[in-house]
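**Student:** Below is one structure. I have some questions about it.
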Amino acid sequence: VKTDFRSDNILGCSPEIAEALLRACQEPASPYGNDPVTSRLHQRCRDLFETDVAIFPVSTGTAGNALAIAAMTPAWGGVFCHEDAHVHREELGAAEFFTGGAKLVPLPGVNGKLIPGALAASIEDVARGGRMAIPSCVSVTQATEAGTVYSAEELREISEIARRSGAGMQMDGARFANAVAATGRSPADLTWRAGVDVLVFGATKNGALAAELIVVFRTELADELGLRWHRGGQRLSKMRFLSAQLDAYLTDDLWLRNARRANGAAARIAAAIATIAGVEIVRPVDANVLFVRLDPAIERTLRERGFLFYDWSLFGEGIVRMVTGFDTTAADADALVEAIRVASLQPR
Ligand SMILES: Cc1ncc(COP(=O)(O)O)c(C=O)c1O
């Protein structure tokens, strides 16, 4: 059984994706995305999102976020996001760099989600002076950094606030598949129908080797994004190898099946540990990430037994993060639960 619950990017790769890469290795093909696999991926995206889209495969989520934000944000623009957003906390100013110096405006939220009233007030405040920045983009993460998931209605409310100020909406979907699996809503309902202009559709965390996909719904952004993508060094000459991963990811609902398995394992763990003494689940477990306050003795015992998970004291003392993945089985989940149960029975 697996004992490593640090992150979903410690996982390997879905066999279907590895096989697709091997197939792509057999044949020569035109470079820079002018190949049949990339064309097929494009069509799959139109079908999946039930609308016309432009697509730009990229190698990292950081590149995807920065390019997507830059496509709707001038250097003097303001980008509103949650204070724990990956774009704010983990990407070393990539969005600021790619926009040529736009201002990120981090906002407090609840369980990783932006609060509509606070967002509206902040946008109004920034817009009123006209000297801090021009509101240009609202960036949301779906599923959030707190492991929660925005409903389609919550997204719609946020996008309407953005729209009223003339700003666009970008979605960091590093765990978008987990959000779709959690809500049961369609990819269209959770993106453009809710007012999202550009999605960065994650695959790396959910079964790909290394591939993410910028999906543009507001297609007038596509030309500029294409130029930025090329200039940003993300237009791979052998793009078919990114496309092959993403094409396999979207074939036969692999992306959704993988996310359902990851979410299912997290829900199984959450349900079983909720009543154990010395354990407190501190954020709603909507997707595949658990935030848990562990009694220090329980944490020590788990670590001694070889379980791996990150300290998340950002959320408070004694809190750890545990992440399940597409290959976490019920047996893996049960083994973790059993270890926590045994550890909690030891004298403290
Ligand atoms: C919310 C979120 N966004 C984006 C990313 C993508 O980051 P990277 O640039 O490492 O692919 C991650 C990965 O940890 C993430 O958790």
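The chains in the structure tokens are called A, B, ... from first to last as shown; in each chain the residues are counted from 1, and the ligands are counted from 1 in the order shown.
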Could you list, as an MDAnalysis selection string, every residue within 7 Å of stretch 42-57 of chain A, counting only C-alpha atoms and ignoring same-chain residues fewer than 4 positions away?

**Tutor:** chainID A and resid 38 187:188 211:217 219 222 242:243

**Student:** Using only C-alpha atoms and all ligand atoms, find each protein or nucleic acid residue lying at most 8 Å from ligand 1; present the set as a PyMOL selection string.

**Tutor:** chain A and resi 9+59-65+85-87+90-91+141-145+172-175+202+204-205+210+212

**Student:** Near A:Ala121, within 12 Å and counting only C-alpha atoms, which residues show up once chain neighbours fewer than 6 positions away are dropped, as a compact mmCIF listing (two decimals) with N, CA, C and O atoms, in the first residue's frame?

**Tutor:**
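Resulting contents of around-v2.txt:
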```
# COMPACT_ATOMS: atom_id res chain seq x y z
N PHE A 80 -7.18 40.30 -9.31
CA PHE A 80 -7.74 40.01 -7.98
C PHE A 80 -7.78 38.50 -7.77
O PHE A 80 -8.27 37.77 -8.63
N LEU A 107 -6.81 38.77 -1.77
CA LEU A 107 -7.96 39.04 -0.90
C LEU A 107 -8.20 37.88 0.06
O LEU A 107 -8.01 36.72 -0.30
N LEU A 114 -13.00 33.08 -2.89
CA LEU A 114 -13.23 34.52 -2.82
C LEU A 114 -14.62 34.78 -2.26
O LEU A 114 -15.56 34.03 -2.53
N ILE A 115 -14.74 35.89 -1.51
CA ILE A 115 -16.05 36.30 -1.00
C ILE A 115 -16.59 37.38 -1.94
O ILE A 115 -15.94 38.42 -2.12
N ALA A 127 -10.71 50.67 -8.55
CA ALA A 127 -11.19 51.39 -9.73
C ALA A 127 -11.41 52.87 -9.43
O ALA A 127 -11.14 53.73 -10.26
N ARG A 128 -11.89 53.16 -8.21
CA ARG A 128 -12.28 54.53 -7.86
C ARG A 128 -11.10 55.49 -7.99
O ARG A 128 -11.19 56.53 -8.62
N PRO A 135 -8.72 47.52 -12.86
CA PRO A 135 -9.18 46.14 -12.70
C PRO A 135 -9.26 45.43 -14.07
O PRO A 135 -9.94 45.90 -14.97
N ILE A 161 -19.38 40.13 -11.08
CA ILE A 161 -18.68 41.24 -10.43
C ILE A 161 -17.49 41.69 -11.29
O ILE A 161 -17.28 42.88 -11.51
N ALA A 162 -16.75 40.70 -11.79
CA ALA A 162 -15.60 41.02 -12.65
C ALA A 162 -16.08 41.79 -13.88
O ALA A 162 -15.56 42.86 -14.22
N SER A 165 -16.93 45.47 -13.82
CA SER A 165 -15.82 46.42 -13.74
C SER A 165 -14.98 46.40 -15.02
O SER A 165 -13.97 47.09 -15.11
```

**Student:** DSSP on the backbone, alpha helix (DSSP H) only: what residues of stretch 46-219 of chain A does that give? Format it as a PyMOL selection string.

**Tutor:** chain A and resi 46-49+61-70+86-89+94-99+116-129+152-164+176-183

**Student:** Could you tell me how far atom CA of A:Thr3 lies from atom CA of A:Gly207, in Å and to one decimal?

**Tutor:**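 For atom CA of A:Thr3 relative to atom CA of A:Gly207, the distance reads 18.3 Å.
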
**Student:** Could you write out, as a PyMOL selection string, all the residues of stretch 97-287 of chain A that DSSP marks as strand (DSSP E or B)?

**Tutor:** chain A and resi 103-107+109-110+113-114+134-141+168-173+198-202+212-216+279-281

**Student:** Nearest residue to A:Pro347 out of A:Ala20, A:Leu225, A:Ala182, A:Ala297, using only C-alpha atoms?

**Tutor:**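 Checking each candidate against A:Pro347, we get A:Ala297 as the closest.
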
**Student:** For the atom pair atom CA of A:Arg156 and atom CA of A:Trp76, what is the interatomic distance in Å to one decimal place?

**Tutor:** 25.7 Å

**Student:** Neighbours of A:Ala265 within 12 Å (only C-alpha atoms; same-chain residues fewer than 4 positions away dropped), as number ranges by chain?

**Tutor:** A: 5, 178, 258-261, 269-272, 285-290, 322-337

**Student:** Restricting the calculation to only C-alpha atoms, which member of A:Ala244, A:Ala94, A:Ala71, A:Ala266 is positioned closest to A:Leu22?

**Tutor:** A:Ala244

**Student:** Hey, what's within 10 Å of A:Arg257 if we count only C-alpha atoms and toss same-chain stuff fewer than 4 positions away? As JSON, numbers by chain, please?

**Tutor:** {"A": [177, 178, 181, 206, 249, 252, 253, 261, 262, 263, 326]}

**Student:** What's the 10 Å shell around A:Trp312, counting only C-alpha atoms, without same-chain residues fewer than 2 positions away, as a VMD selection string?

**Tutor:** chain A and resid 291 to 293 309 to 310 314 to 322

**Student:** Write out, as a short mmCIF file (atom, residue, chain, number, x, y, z; two decimals), in the first residue's frame, the residues just selected, with all heavy atoms.

**Tutor:**
```cif
data_model
loop_
_atom_site.label_atom_id
_atom_site.label_comp_id
_atom_site.auth_asym_id
_atom_site.auth_seq_id
_atom_site.Cartn_x
_atom_site.Cartn_y
_atom_site.Cartn_z
N PHE A 291 -7.20 18.68 4.75
CA PHE A 291 -6.45 19.45 5.74
C PHE A 291 -6.90 18.98 7.12
O PHE A 291 -8.10 19.05 7.44
CB PHE A 291 -6.66 20.94 5.56
CG PHE A 291 -6.05 21.45 4.28
CD1 PHE A 291 -6.81 21.55 3.13
CD2 PHE A 291 -4.70 21.76 4.22
CE1 PHE A 291 -6.25 21.98 1.94
CE2 PHE A 291 -4.13 22.20 3.03
CZ PHE A 291 -4.90 22.30 1.90
N VAL A 292 -5.94 18.50 7.89
CA VAL A 292 -6.28 17.83 9.14
C VAL A 292 -5.38 18.33 10.26
O VAL A 292 -4.16 18.44 10.08
CB VAL A 292 -6.07 16.29 8.99
CG1 VAL A 292 -6.56 15.56 10.22
CG2 VAL A 292 -6.78 15.77 7.75
N ARG A 293 -6.00 18.68 11.39
CA ARG A 293 -5.18 18.98 12.58
C ARG A 293 -5.00 17.68 13.34
O ARG A 293 -5.97 17.04 13.74
CB ARG A 293 -5.86 20.03 13.46
CG ARG A 293 -5.00 20.36 14.69
CD ARG A 293 -5.58 21.47 15.55
NE ARG A 293 -5.35 22.79 14.99
CZ ARG A 293 -6.29 23.61 14.56
NH1 ARG A 293 -7.55 23.26 14.62
NH2 ARG A 293 -5.98 24.79 14.06
N PHE A 309 3.40 13.35 4.44
CA PHE A 309 2.41 14.40 4.14
C PHE A 309 3.05 15.71 4.53
O PHE A 309 3.98 15.74 5.35
CB PHE A 309 1.09 14.16 4.89
CG PHE A 309 1.25 13.67 6.29
CD1 PHE A 309 1.51 14.56 7.32
CD2 PHE A 309 1.20 12.30 6.59
CE1 PHE A 309 1.70 14.11 8.61
CE2 PHE A 309 1.41 11.85 7.89
CZ PHE A 309 1.65 12.76 8.90
N TYR A 310 2.58 16.80 3.93
CA TYR A 310 3.20 18.09 4.20
C TYR A 310 2.60 18.76 5.43
O TYR A 310 1.38 18.69 5.65
CB TYR A 310 3.05 19.04 3.01
CG TYR A 310 3.93 18.70 1.83
CD1 TYR A 310 3.41 18.68 0.54
CD2 TYR A 310 5.28 18.42 2.00
CE1 TYR A 310 4.22 18.39 -0.56
CE2 TYR A 310 6.10 18.12 0.90
CZ TYR A 310 5.56 18.11 -0.36
OH TYR A 310 6.35 17.82 -1.44
N LEU A 314 0.47 27.03 7.57
CA LEU A 314 -0.17 28.21 6.97
C LEU A 314 -1.64 28.30 7.42
O LEU A 314 -2.19 29.38 7.61
CB LEU A 314 -0.11 28.10 5.44
CG LEU A 314 -0.80 29.17 4.60
CD1 LEU A 314 -0.07 30.51 4.73
CD2 LEU A 314 -0.86 28.75 3.13
N PHE A 315 -2.27 27.15 7.59
CA PHE A 315 -3.68 27.11 7.98
C PHE A 315 -3.87 27.01 9.50
O PHE A 315 -5.00 26.94 9.97
CB PHE A 315 -4.39 25.92 7.31
CG PHE A 315 -4.69 26.12 5.83
CD1 PHE A 315 -5.32 25.11 5.11
CD2 PHE A 315 -4.36 27.29 5.17
CE1 PHE A 315 -5.62 25.28 3.75
CE2 PHE A 315 -4.63 27.47 3.82
CZ PHE A 315 -5.26 26.47 3.11
N GLY A 316 -2.78 26.96 10.25
CA GLY A 316 -2.89 26.88 11.71
C GLY A 316 -1.96 25.81 12.26
O GLY A 316 -1.53 24.91 11.54
N GLU A 317 -1.68 25.94 13.57
CA GLU A 317 -0.72 25.04 14.19
C GLU A 317 -1.21 23.59 14.15
O GLU A 317 -2.39 23.32 14.39
CB GLU A 317 -0.52 25.50 15.65
CG GLU A 317 0.83 25.11 16.19
CD GLU A 317 0.97 25.49 17.66
OE1 GLU A 317 0.48 26.58 18.02
OE2 GLU A 317 1.52 24.66 18.41
N GLY A 318 -0.30 22.70 13.84
CA GLY A 318 -0.61 21.28 13.90
C GLY A 318 -1.38 20.76 12.69
O GLY A 318 -1.79 19.60 12.65
N ILE A 319 -1.56 21.63 11.68
CA ILE A 319 -2.35 21.19 10.51
C ILE A 319 -1.42 20.60 9.44
O ILE A 319 -0.35 21.13 9.18
CB ILE A 319 -3.19 22.36 9.96
CG1 ILE A 319 -4.25 22.75 11.00
CG2 ILE A 319 -3.85 22.00 8.62
CD1 ILE A 319 -5.08 23.96 10.65
N VAL A 320 -1.86 19.49 8.90
CA VAL A 320 -1.12 18.85 7.80
C VAL A 320 -2.04 18.72 6.60
O VAL A 320 -3.26 18.79 6.72
CB VAL A 320 -0.57 17.45 8.20
CG1 VAL A 320 0.32 17.54 9.43
CG2 VAL A 320 -1.72 16.46 8.42
N ARG A 321 -1.43 18.56 5.43
CA ARG A 321 -2.20 18.35 4.20
C ARG A 321 -1.94 16.93 3.70
O ARG A 321 -0.80 16.49 3.62
CB ARG A 321 -1.77 19.36 3.14
CG ARG A 321 -2.66 19.33 1.90
CD ARG A 321 -2.14 20.24 0.80
NE ARG A 321 -1.06 19.59 0.07
CZ ARG A 321 -0.63 19.98 -1.15
NH1 ARG A 321 -1.17 21.03 -1.73
NH2 ARG A 321 0.34 19.33 -1.75
N MET A 322 -3.01 16.25 3.37
CA MET A 322 -2.90 14.91 2.78
C MET A 322 -3.63 14.93 1.44
O MET A 322 -4.76 15.42 1.35
CB MET A 322 -3.55 13.87 3.69
CG MET A 322 -2.84 13.73 5.02
SD MET A 322 -3.76 12.65 6.13
CE MET A 322 -2.58 12.51 7.47
#
```

**Student:** From the list A:Asn111, A:Thr301, A:Leu67, A:Val105, which residue is nearest A:Gly233 when using only C-alpha atoms?

**Tutor:**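 Between A:Asn111, A:Thr301, A:Leu67, A:Val105, the residue approaching A:Gly233 most closely is A:Leu67.
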